[in-house]
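**Student:** Just passing along the structure, written as structure tokens.
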Amino acid sequence: MNFLFFLRFNTPSRSPRWRGALLLLACMMGLSGAVVAPAHAQKRVKLVVWGLQSSEETKGQDAQVAEFERRNPHIDVSLLSMGAGGMDPQKLMTSIAGGVPPDLINQDRFTIGDWASRDTFMALDDLIRTNPGPIQAKDYYPAAWNEALYRGKVYAIPSGIDDRALYYNRKLFREAGLDPDRPPLTWEELEQYAVRLTKKNPDGSYKSIGFIPNYGNSWLYLYSWQNGGEFMDPTGRKATLANPYTKEALDYMVRVYDKLGGVERVNAYQAGFQGNALDPFFIDKVAMKIDGNWVLNNIARYAPDLDFAVAPAPVPAERLAGKERFAGQPPYITWSGGFSFAIPRGARNVNEAWAFIQWMNSVESNRIRNRVQREYNLSKGRPYVPNLSANIPVNEAIFREFAPENPRLRNSLKVFLDLLPVAKYRPVTFVGQRLWDEHVRAFEQATRHKKTSALALLDGQRVVQKELNKVYSRADNPLLPWTIPVGVIGLGFLTILGGVAYQFKREGPMGRMARREALAGYLFASPWIFGFLVFTLGPILMSAVLSFCDYDVLHAPRFVGLQNYRLLTSPTEDWPIVSRSLANVAFLAIFSIPLTMAVGLGIALLLNANVKGMNWYRTVYYLPSIVPVVAGAVLWVWVLNPEYGLINAAWRSTLTSWFGLEAPKWLASETWSKPALILLGLWGAGGGMILWLAGLQGVPKALYEAAQLDGANAWQQFRNVTLPMISPYIFFNFIIGTIGVIQMFEPVYIMTGEPYGGPADSTMVPVPLLFRNGFQYFKMGYASALAWILFAVILLLSMLQLKASKRWVYYDSDRK
């Protein structure tokens, strides 16, 4: 794929020949749905929109689209989710690089700046100037409109918007002796209420909790903004993550967690939370939370009788008092997000896409949407709460006509509406994703007392600043001539052909029949050979070239020499996480490989007996190994749940009851997270059982008989006969196990859900790190360097194992 992207931007790719070849490859990757034929070849225009989809909850949206098609009979709108729009950019990146982008995408506004910086979205200023329709900057909330700007140009038109406020349970307030009409106003009061509203069971576990600082949708961003902190300077060239106000905000979050019993205990309790009707706020498990306006729809659907209220999120007392540094600022603030419509570069139907944007942002269109959706909800016996629009006239009209009849829901929605004019928004920058991940990592490190708040934020700031500096100095590095990768790949192909020719020469002259057979064999193998050369060897060689480049997929690579390999020779900002990933792999290799091999061999020894029904036993033990990795990982997330998982339920009924041993917190604990991954590996140990069983059945019976005659007991026979005879199988499983641990990806990616393999980097291993750099941060050159470093480590360990095997591996051929 890298080679395809490189050719797209570094060859005469504007020519029909190259464009046709790239289009063919893109279609082979499943992107043909985005291809739109030229207008003159169609009676109708097919408008391809990504990021929207039809479902039970989008009846109103479907009505909007249907009315647009009715008013524009020449346009057919095709809605495709494609997993696009959010923080999963692979499909959009591939479509743009392959020259087959959608006409329109409903994109998370947080990512607009990043995409715009890579020249992937059209600037919409000309369309706004010549044909504005309902699109007027003054009609949008400042946070929504400004978040869609990059370097003064408009790259997207805001559609939806959301913001955050404090939800609190009035019933739990009364039970705790608190005034249900007087929510906490300041941080100090919120901290006091959180402790007072927390109830524990006799064993010390939580019965309910007053408030969790990072549960819901607040994050460090909100607390920092409330305290006057910022994460980037106004120019966008300097990261300010470690400013003193953000440090104070993080210190506050740490203090609240500590007063509640520590982040590990709180996260273990939080791991048992579920959604919909079992939302912990609905069932009195959480008394207060900071969350978004979308929760109101869930309350209306699943907990219409819930006695709750909404208020602005508490702020520092100094802000509420209007102290000097907060002079002129509103007493309460929120932060907003949402989606926007953007037109990718290369879109075929720009005018039709613009007309669709105008329609979806009009008051009339949104009236249709809300009327149809309300009628559908009421037909299902569910109250209706409208979503918020980034367009102010639309919001005013919708609230006036479709606000909930339930006073509690109506008043709560009004709180969110009133906060929108003072909403903050995440920095518009091409390092937005990295800034977000580093702010999450700083929170993890500080709340777990791995680092002080100041040091955690400073480390994150250094990483982000490095990325900023690299991009702003990118032009200083020379472009990589396209002849270099072509030459390297050509040299690789010639080397293979030379090897084949040399092999033919060694075999000597061939007769006519032999030549015909050889030719036929190569012809039959040619599809695989072609696929290997083009789709395997080509990208491998290309990645070697790119490892010496700064390459973001969507721009031409620039040569940077050994810069991507600096972490091997000198410490860099990335070294702590890289070294931690290597240390985690070493831990897993030391404990996981021997345990998995021992369990697999133990199962094989049991199944090697001649017992009735043995085939059934073999099937049962083998089944876990054929369960898809994703399904197995999801299953074990539930099995290892600290609150209601099967293992902890058994633990509490035995070890806790008898000896008072506290049940592990597994994936919520830095200590137990790696053992959780080892348990998952042991569950699939039956896969290796097949090999062990084959090895055991290959041991000559005569050797056991001779050992018995010499008086050897069962252990001595196993140690002196079985182990030496199955040593080739031990060696094979050891090498494959080592490679498997180093290449671990799916379990970590699925089970932790953390940007660096949480909690606190405890499950970060090299391949997820590689994936995140390549496909989230678009640092494909750096990711290629990590891949080659990983390859070198695997090769070195394999060679050492091969060298050592001569001392202990016994083959039948050694007897000859």
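Identifiers in this document derive from the order of the structure tokens: chains are assigned A, B, ..., residues are numbered from 1 separately in each chain, and ligands are numbered from 1 in order of occurrence.
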Taking the backbone alone, and naming residues the way the document does, which bits of region 490-726 of chain A are strand (DSSP E or B) by DSSP, as a list in words?
**Tutor:**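 Matching residues, listed in order: Cys549, Asp550, Arg558 and Phe559 of chain A.
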**Student:** Write down as a list of chain:residue names the residues belonging to region 95-163 of chain A that are assigned alpha helix (DSSP H) by DSSP computed on the backbone.
**Tutor:** A:Ser95, A:Ile96, A:Ala97, A:Ile112, A:Gly113, A:Asp114, A:Trp115, A:Ala116, A:Ser117, A:Asp125, A:Asp126, A:Leu127, A:Ile128, A:Arg129, A:Thr130, A:Pro142, A:Ala143, A:Ala144, A:Trp145, A:Asn146, A:Glu147
**Student:** Output N, CA, C and O atoms of each residue in that selection to a file, as a CSV table (one decimal), in the first residue's frame.
**Tutor:**
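The resulting selection04.csv:
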```csv
chain,number,residue,atom,x,y,z
A,95,SER,N,-8.7,6.2,0.2
A,95,SER,CA,-9.5,6.7,-1.0
A,95,SER,C,-8.9,7.9,-1.6
A,95,SER,O,-8.9,8.1,-2.8
A,96,ILE,N,-8.4,8.9,-0.8
A,96,ILE,CA,-7.9,10.1,-1.3
A,96,ILE,C,-6.6,9.8,-2.0
A,96,ILE,O,-6.3,10.3,-3.1
A,97,ALA,N,-5.7,9.0,-1.4
A,97,ALA,CA,-4.4,8.7,-2.0
A,97,ALA,C,-4.6,7.9,-3.3
A,97,ALA,O,-3.9,8.1,-4.3
A,112,ILE,N,-10.5,18.1,11.6
A,112,ILE,CA,-10.5,18.9,10.4
A,112,ILE,C,-9.2,19.5,10.2
A,112,ILE,O,-8.6,19.5,9.1
A,113,GLY,N,-8.6,20.1,11.2
A,113,GLY,CA,-7.3,20.8,11.1
A,113,GLY,C,-6.2,19.8,10.6
A,113,GLY,O,-5.4,20.2,9.7
A,114,ASP,N,-6.2,18.6,11.1
A,114,ASP,CA,-5.2,17.6,10.8
A,114,ASP,C,-5.3,17.3,9.3
A,114,ASP,O,-4.4,17.3,8.5
A,115,TRP,N,-6.6,17.0,8.8
A,115,TRP,CA,-6.8,16.7,7.4
A,115,TRP,C,-6.5,17.8,6.5
A,115,TRP,O,-5.9,17.7,5.4
A,116,ALA,N,-6.9,19.0,6.9
A,116,ALA,CA,-6.7,20.2,6.1
A,116,ALA,C,-5.2,20.5,5.9
A,116,ALA,O,-4.7,20.9,4.8
A,117,SER,N,-4.4,20.2,7.0
A,117,SER,CA,-3.0,20.5,6.9
A,117,SER,C,-2.3,19.6,5.9
A,117,SER,O,-1.2,19.9,5.4
A,125,ASP,N,-14.2,28.5,1.0
A,125,ASP,CA,-14.4,30.0,1.1
A,125,ASP,C,-15.0,30.5,-0.2
A,125,ASP,O,-15.9,31.3,-0.2
A,126,ASP,N,-14.6,30.0,-1.4
A,126,ASP,CA,-15.1,30.4,-2.6
A,126,ASP,C,-16.6,30.1,-2.8
A,126,ASP,O,-17.4,30.9,-3.2
A,127,LEU,N,-17.0,28.9,-2.3
A,127,LEU,CA,-18.4,28.4,-2.4
A,127,LEU,C,-19.2,29.3,-1.5
A,127,LEU,O,-20.3,29.6,-1.8
A,128,ILE,N,-18.7,29.6,-0.3
A,128,ILE,CA,-19.4,30.4,0.7
A,128,ILE,C,-19.6,31.8,0.1
A,128,ILE,O,-20.7,32.4,0.3
A,129,ARG,N,-18.6,32.4,-0.6
A,129,ARG,CA,-18.7,33.7,-1.1
A,129,ARG,C,-19.7,33.8,-2.3
A,129,ARG,O,-20.4,34.8,-2.4
A,130,THR,N,-19.6,32.8,-3.2
A,130,THR,CA,-20.4,32.9,-4.4
A,130,THR,C,-21.8,32.3,-4.2
A,130,THR,O,-22.8,32.8,-4.9
A,142,PRO,N,-19.5,30.2,17.9
A,142,PRO,CA,-18.1,30.4,17.6
A,142,PRO,C,-17.2,29.2,17.8
A,142,PRO,O,-16.3,29.0,16.9
A,143,ALA,N,-17.5,28.4,18.8
A,143,ALA,CA,-16.7,27.2,18.9
A,143,ALA,C,-16.8,26.2,17.7
A,143,ALA,O,-15.8,25.7,17.3
A,144,ALA,N,-18.0,26.1,17.2
A,144,ALA,CA,-18.2,25.2,16.1
A,144,ALA,C,-17.6,25.7,14.8
A,144,ALA,O,-16.9,25.0,14.1
A,145,TRP,N,-17.8,27.0,14.5
A,145,TRP,CA,-17.2,27.6,13.3
A,145,TRP,C,-15.7,27.7,13.3
A,145,TRP,O,-15.0,27.3,12.4
A,146,ASN,N,-15.2,28.1,14.5
A,146,ASN,CA,-13.7,28.2,14.5
A,146,ASN,C,-13.0,26.9,14.5
A,146,ASN,O,-11.8,26.8,14.1
A,147,GLU,N,-13.6,25.8,15.0
A,147,GLU,CA,-13.0,24.5,15.0
A,147,GLU,C,-12.9,24.0,13.6
A,147,GLU,O,-12.1,23.1,13.3
```
**Student:** Under the rule that only C-alpha atoms are counted, which of A:Phe731, A:Trp219, A:Tyr376, A:Tyr704 is the nearest residue to Ala804 (chain A)?
**Tutor:**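 Checking each candidate against Ala804 (chain A), we get A:Phe731 as the closest.
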**Student:** Give me, as a VMD selection string, all polymer residues having an atom no more than 10 Å from Glu264 (chain A), counting only C-alpha atoms and skipping those fewer than 6 positions away in the same chain.
**Tutor:** chain A and resid 257 to 258 270 447 to 448 665 667 to 670 759
**Student:** Just to be explicit: take each residue in the selection above, keep all heavy atoms, and write the result as a PDB file, in the first residue's frame.
**Tutor:**
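Printed below is selection_27.pdb as written:
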```pdb
ATOM      1  N   TYR A 257      -9.459  11.577  43.015  1.00  0.00           N
ATOM      2  CA  TYR A 257      -9.305  10.125  42.892  1.00  0.00           C
ATOM      3  C   TYR A 257      -8.727   9.534  44.178  1.00  0.00           C
ATOM      4  O   TYR A 257      -9.173   8.476  44.660  1.00  0.00           O
ATOM      5  CB  TYR A 257      -8.392   9.777  41.719  1.00  0.00           C
ATOM      6  CG  TYR A 257      -9.114   9.606  40.402  1.00  0.00           C
ATOM      7  CD1 TYR A 257      -8.991  10.548  39.393  1.00  0.00           C
ATOM      8  CD2 TYR A 257      -9.930   8.499  40.166  1.00  0.00           C
ATOM      9  CE1 TYR A 257      -9.642  10.398  38.174  1.00  0.00           C
ATOM     10  CE2 TYR A 257     -10.591   8.341  38.961  1.00  0.00           C
ATOM     11  CZ  TYR A 257     -10.449   9.295  37.972  1.00  0.00           C
ATOM     12  OH  TYR A 257     -11.109   9.131  36.776  1.00  0.00           O
ATOM     13  N   ASP A 258      -7.732  10.200  44.739  1.00  0.00           N
ATOM     14  CA  ASP A 258      -7.107   9.686  45.960  1.00  0.00           C
ATOM     15  C   ASP A 258      -8.101   9.665  47.121  1.00  0.00           C
ATOM     16  O   ASP A 258      -8.122   8.719  47.918  1.00  0.00           O
ATOM     17  CB  ASP A 258      -5.889  10.542  46.328  1.00  0.00           C
ATOM     18  CG  ASP A 258      -4.715  10.318  45.381  1.00  0.00           C
ATOM     19  OD1 ASP A 258      -4.752   9.330  44.615  1.00  0.00           O
ATOM     20  OD2 ASP A 258      -3.774  11.134  45.404  1.00  0.00           O
ATOM     21  N   GLN A 270     -15.469   1.056  37.900  1.00  0.00           N
ATOM     22  CA  GLN A 270     -15.987   1.607  36.641  1.00  0.00           C
ATOM     23  C   GLN A 270     -16.011   0.550  35.541  1.00  0.00           C
ATOM     24  O   GLN A 270     -16.827   0.635  34.615  1.00  0.00           O
ATOM     25  CB  GLN A 270     -15.120   2.797  36.225  1.00  0.00           C
ATOM     26  CG  GLN A 270     -15.653   3.594  35.061  1.00  0.00           C
ATOM     27  CD  GLN A 270     -14.798   4.823  34.788  1.00  0.00           C
ATOM     28  OE1 GLN A 270     -14.219   5.419  35.697  1.00  0.00           O
ATOM     29  NE2 GLN A 270     -14.708   5.208  33.535  1.00  0.00           N
ATOM     30  N   THR A 447      -2.412  10.260  37.828  1.00  0.00           N
ATOM     31  CA  THR A 447      -3.394   9.703  38.757  1.00  0.00           C
ATOM     32  C   THR A 447      -2.908   8.392  39.364  1.00  0.00           C
ATOM     33  O   THR A 447      -3.335   8.030  40.471  1.00  0.00           O
ATOM     34  CB  THR A 447      -4.744   9.474  38.046  1.00  0.00           C
ATOM     35  OG1 THR A 447      -4.541   8.685  36.861  1.00  0.00           O
ATOM     36  CG2 THR A 447      -5.383  10.792  37.676  1.00  0.00           C
ATOM     37  N   ARG A 448      -2.014   7.695  38.679  1.00  0.00           N
ATOM     38  CA  ARG A 448      -1.448   6.455  39.230  1.00  0.00           C
ATOM     39  C   ARG A 448      -0.135   6.703  39.977  1.00  0.00           C
ATOM     40  O   ARG A 448       0.551   5.773  40.365  1.00  0.00           O
ATOM     41  CB  ARG A 448      -1.235   5.432  38.116  1.00  0.00           C
ATOM     42  CG  ARG A 448      -2.543   4.937  37.540  1.00  0.00           C
ATOM     43  CD  ARG A 448      -2.350   3.948  36.403  1.00  0.00           C
ATOM     44  NE  ARG A 448      -3.631   3.510  35.883  1.00  0.00           N
ATOM     45  CZ  ARG A 448      -4.372   2.532  36.390  1.00  0.00           C
ATOM     46  NH1 ARG A 448      -3.910   1.854  37.425  1.00  0.00           N
ATOM     47  NH2 ARG A 448      -5.537   2.210  35.871  1.00  0.00           N
ATOM     48  N   LYS A 665      -7.541  -6.798  40.058  1.00  0.00           N
ATOM     49  CA  LYS A 665      -8.301  -5.843  39.246  1.00  0.00           C
ATOM     50  C   LYS A 665      -8.007  -6.016  37.761  1.00  0.00           C
ATOM     51  O   LYS A 665      -8.499  -5.264  36.923  1.00  0.00           O
ATOM     52  CB  LYS A 665      -7.987  -4.421  39.705  1.00  0.00           C
ATOM     53  CG  LYS A 665      -8.444  -4.173  41.143  1.00  0.00           C
ATOM     54  CD  LYS A 665      -8.097  -2.790  41.610  1.00  0.00           C
ATOM     55  CE  LYS A 665      -8.592  -2.571  43.044  1.00  0.00           C
ATOM     56  NZ  LYS A 665      -8.028  -3.523  44.009  1.00  0.00           N
ATOM     57  N   LEU A 667      -7.375  -5.936  34.129  1.00  0.00           N
ATOM     58  CA  LEU A 667      -7.056  -4.910  33.134  1.00  0.00           C
ATOM     59  C   LEU A 667      -7.187  -3.491  33.681  1.00  0.00           C
ATOM     60  O   LEU A 667      -6.789  -2.533  33.015  1.00  0.00           O
ATOM     61  CB  LEU A 667      -7.953  -5.079  31.910  1.00  0.00           C
ATOM     62  CG  LEU A 667      -7.697  -6.356  31.100  1.00  0.00           C
ATOM     63  CD1 LEU A 667      -8.798  -6.561  30.076  1.00  0.00           C
ATOM     64  CD2 LEU A 667      -6.339  -6.315  30.433  1.00  0.00           C
ATOM     65  N   ALA A 668      -7.734  -3.327  34.867  1.00  0.00           N
ATOM     66  CA  ALA A 668      -7.785  -2.006  35.500  1.00  0.00           C
ATOM     67  C   ALA A 668      -6.548  -1.745  36.342  1.00  0.00           C
ATOM     68  O   ALA A 668      -6.394  -0.645  36.881  1.00  0.00           O
ATOM     69  CB  ALA A 668      -9.040  -1.879  36.361  1.00  0.00           C
ATOM     70  N   SER A 669      -5.670  -2.733  36.442  1.00  0.00           N
ATOM     71  CA  SER A 669      -4.502  -2.625  37.310  1.00  0.00           C
ATOM     72  C   SER A 669      -3.219  -2.728  36.499  1.00  0.00           C
ATOM     73  O   SER A 669      -3.082  -3.591  35.630  1.00  0.00           O
ATOM     74  CB  SER A 669      -4.529  -3.737  38.365  1.00  0.00           C
ATOM     75  OG  SER A 669      -3.280  -3.872  39.006  1.00  0.00           O
ATOM     76  N   GLU A 670      -2.285  -1.859  36.810  1.00  0.00           N
ATOM     77  CA  GLU A 670      -0.983  -1.907  36.151  1.00  0.00           C
ATOM     78  C   GLU A 670      -0.243  -3.201  36.486  1.00  0.00           C
ATOM     79  O   GLU A 670       0.512  -3.733  35.676  1.00  0.00           O
ATOM     80  CB  GLU A 670      -0.158  -0.690  36.581  1.00  0.00           C
ATOM     81  CG  GLU A 670       1.171  -0.557  35.874  1.00  0.00           C
ATOM     82  CD  GLU A 670       1.952   0.647  36.359  1.00  0.00           C
ATOM     83  OE1 GLU A 670       1.420   1.392  37.202  1.00  0.00           O
ATOM     84  OE2 GLU A 670       3.086   0.831  35.897  1.00  0.00           O
ATOM     85  N   PRO A 759      -3.421  -0.121  31.516  1.00  0.00           N
ATOM     86  CA  PRO A 759      -3.284   1.191  32.166  1.00  0.00           C
ATOM     87  C   PRO A 759      -1.826   1.601  32.344  1.00  0.00           C
ATOM     88  O   PRO A 759      -0.968   0.756  32.617  1.00  0.00           O
ATOM     89  CB  PRO A 759      -3.956   0.973  33.523  1.00  0.00           C
ATOM     90  CG  PRO A 759      -3.793  -0.488  33.791  1.00  0.00           C
ATOM     91  CD  PRO A 759      -3.840  -1.177  32.458  1.00  0.00           C
TER      92      PRO A 759
END
```
**Student:** Could you check the closest approach to Arg382 (chain A) for each of A:Phe231, A:Tyr302, A:Tyr269, A:Phe587 and tell me which residue wins, using only C-alpha atoms?
**Tutor:**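 Residue with the minimum atom-to-atom distance to Arg382 (chain A): A:Tyr302.
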**Student:** Nearest to Trp575 (chain A): which of A:Ala787, A:Ile678, A:Leu640, A:Val463 is it, counting only C-alpha atoms?
**Tutor:**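 Among A:Ala787, A:Ile678, A:Leu640, A:Val463, it is A:Val463 that comes nearest to Trp575 (chain A).
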**Student:** Restrict the calculation to only C-alpha atoms, then for each residue of region 174-267 of chain A with any atom at most 12 Å from an atom of region 329-335 of chain A give the closest atom pair and their distance in Å to one decimal, rows by chain and rising residue number, as CSV.
**Tutor:**
```
residue,atom,partner,partner_atom,distance
A:Leu185,CA,A:Tyr332,CA,9.3
A:Thr186,CA,A:Tyr332,CA,10.0
A:Trp187,CA,A:Tyr332,CA,11.9
A:Asn217,CA,A:Trp335,CA,9.9
A:Ser218,CA,A:Trp335,CA,8.4
A:Trp219,CA,A:Trp335,CA,10.2
A:Leu220,CA,A:Trp335,CA,11.2
A:Tyr221,CA,A:Trp335,CA,8.2
A:Leu222,CA,A:Trp335,CA,6.4
A:Tyr223,CA,A:Thr334,CA,9.5
A:Ser224,CA,A:Trp335,CA,10.9
A:Trp225,CA,A:Ile333,CA,8.1
A:Gln226,CA,A:Ile333,CA,6.7
A:Asn227,CA,A:Ile333,CA,10.2
A:Gly228,CA,A:Gln329,CA,9.7
```
**Student:** Which residues are close to Ser81 (chain A), i.e. within 10 Å by only C-alpha atoms, leaving aside same-chain residues fewer than 5 positions away? Reply as a list in words.
**Tutor:**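 That gives Val49, Trp50, Gly51, Leu52, Gln53, Ser54, Ile105 and Asn106 of chain A.
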**Student:** Using only C-alpha atoms, which residue out of A:Lys779, A:Leu679, A:Leu541, A:Val637 lies closest to Gly487 (chain A)?
**Tutor:**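 Nearest candidate to Gly487 (chain A) out of A:Lys779, A:Leu679, A:Leu541, A:Val637: A:Leu541.
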**Student:** Which residue, A:Leu567, A:Leu320, A:Met744, A:Val599, has the smallest gap to Val629 (chain A) when you use only C-alpha atoms?
**Tutor:**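 With only C-alpha atoms as the atom set, the closest residue is A:Met744.
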**Student:** My list of candidates is A:Thr246, A:Asn720, A:Gln461, A:Gln776. Which is closest to Glu573 (chain A) when distances are computed with only C-alpha atoms?
**Tutor:**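 Among A:Thr246, A:Asn720, A:Gln461, A:Gln776, it is A:Gln461 that comes nearest to Glu573 (chain A).
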**Student:** Near Leu104 (chain A), counting only C-alpha atoms, which residues have an atom at most 12 Å away, once you skip same-chain residues fewer than 5 positions from it, shown as number ranges by chain?
**Tutor:** A: 34, 46-52, 77-81, 84-85, 92, 96, 120-122, 155-157, 340-357
**Student:** Extract, using only C-alpha atoms, all DNA, RNA and protein residues at most 9 Å from Ile726 (chain A), discarding same-chain residues fewer than 6 positions from it, and format them as a ChimeraX atom specification.
**Tutor:** /A:692,695-696,698-699,809-811
**Student:** Kindly save the residues from that selection, with C-alpha atoms included, as an mmCIF file, in the first residue's frame.
**Tutor:**
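Result file follows (selection33.cif):
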```cif
data_model
loop_
_atom_site.group_PDB
_atom_site.id
_atom_site.type_symbol
_atom_site.label_atom_id
_atom_site.label_comp_id
_atom_site.auth_asym_id
_atom_site.auth_seq_id
_atom_site.Cartn_x
_atom_site.Cartn_y
_atom_site.Cartn_z
ATOM 1 C CA TRP A 692 3.036 -31.769 20.973
ATOM 2 C CA GLY A 695 5.870 -35.360 18.796
ATOM 3 C CA LEU A 696 4.843 -37.615 21.666
ATOM 4 C CA GLY A 698 6.668 -40.207 17.379
ATOM 5 C CA VAL A 699 8.760 -41.313 20.375
ATOM 6 C CA VAL A 809 18.036 -30.176 20.259
ATOM 7 C CA TYR A 810 18.194 -33.829 19.192
ATOM 8 C CA TYR A 811 17.245 -34.940 15.673
#
```
**Student:** May I have the residues within 10 Å of Gly261 (chain A) as a PyMOL selection string, using only C-alpha atoms and disregarding those fewer than 4 positions away in the same chain?
**Tutor:** chain A and resi 195+204-206+256-257+265-266
**Student:** Grab the residues selected above and save them as an mmCIF file, in the first residue's frame with N, CA, C and O atoms.
**Tutor:**
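Result written to part_21.cif:
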```
data_model
loop_
_atom_site.group_PDB
_atom_site.id
_atom_site.type_symbol
_atom_site.label_atom_id
_atom_site.label_comp_id
_atom_site.auth_asym_id
_atom_site.auth_seq_id
_atom_site.Cartn_x
_atom_site.Cartn_y
_atom_site.Cartn_z
ATOM 1 N N VAL A 195 -17.161 12.777 47.997
ATOM 2 C CA VAL A 195 -16.860 11.908 49.147
ATOM 3 C C VAL A 195 -18.127 11.593 49.928
ATOM 4 O O VAL A 195 -18.368 10.447 50.330
ATOM 5 N N GLY A 204 -15.596 -3.264 51.706
ATOM 6 C CA GLY A 204 -14.803 -2.136 51.220
ATOM 7 C C GLY A 204 -15.038 -1.787 49.774
ATOM 8 O O GLY A 204 -14.553 -0.747 49.302
ATOM 9 N N SER A 205 -15.751 -2.607 49.035
ATOM 10 C CA SER A 205 -16.048 -2.294 47.633
ATOM 11 C C SER A 205 -17.124 -1.215 47.571
ATOM 12 O O SER A 205 -17.836 -0.962 48.550
ATOM 13 N N TYR A 206 -17.239 -0.592 46.425
ATOM 14 C CA TYR A 206 -18.188 0.502 46.286
ATOM 15 C C TYR A 206 -19.608 -0.016 46.088
ATOM 16 O O TYR A 206 -19.859 -0.890 45.257
ATOM 17 N N VAL A 256 -8.977 14.194 43.937
ATOM 18 C CA VAL A 256 -10.314 13.599 44.051
ATOM 19 C C VAL A 256 -10.230 12.084 43.957
ATOM 20 O O VAL A 256 -10.865 11.356 44.749
ATOM 21 N N TYR A 257 -9.459 11.577 43.015
ATOM 22 C CA TYR A 257 -9.305 10.125 42.892
ATOM 23 C C TYR A 257 -8.727 9.534 44.178
ATOM 24 O O TYR A 257 -9.173 8.476 44.660
ATOM 25 N N ARG A 265 -8.743 1.476 42.201
ATOM 26 C CA ARG A 265 -9.990 0.966 42.787
ATOM 27 C C ARG A 265 -11.200 1.556 42.056
ATOM 28 O O ARG A 265 -12.173 0.859 41.775
ATOM 29 N N VAL A 266 -11.120 2.844 41.741
ATOM 30 C CA VAL A 266 -12.240 3.495 41.050
ATOM 31 C C VAL A 266 -12.411 2.906 39.651
ATOM 32 O O VAL A 266 -13.534 2.627 39.205
#
```
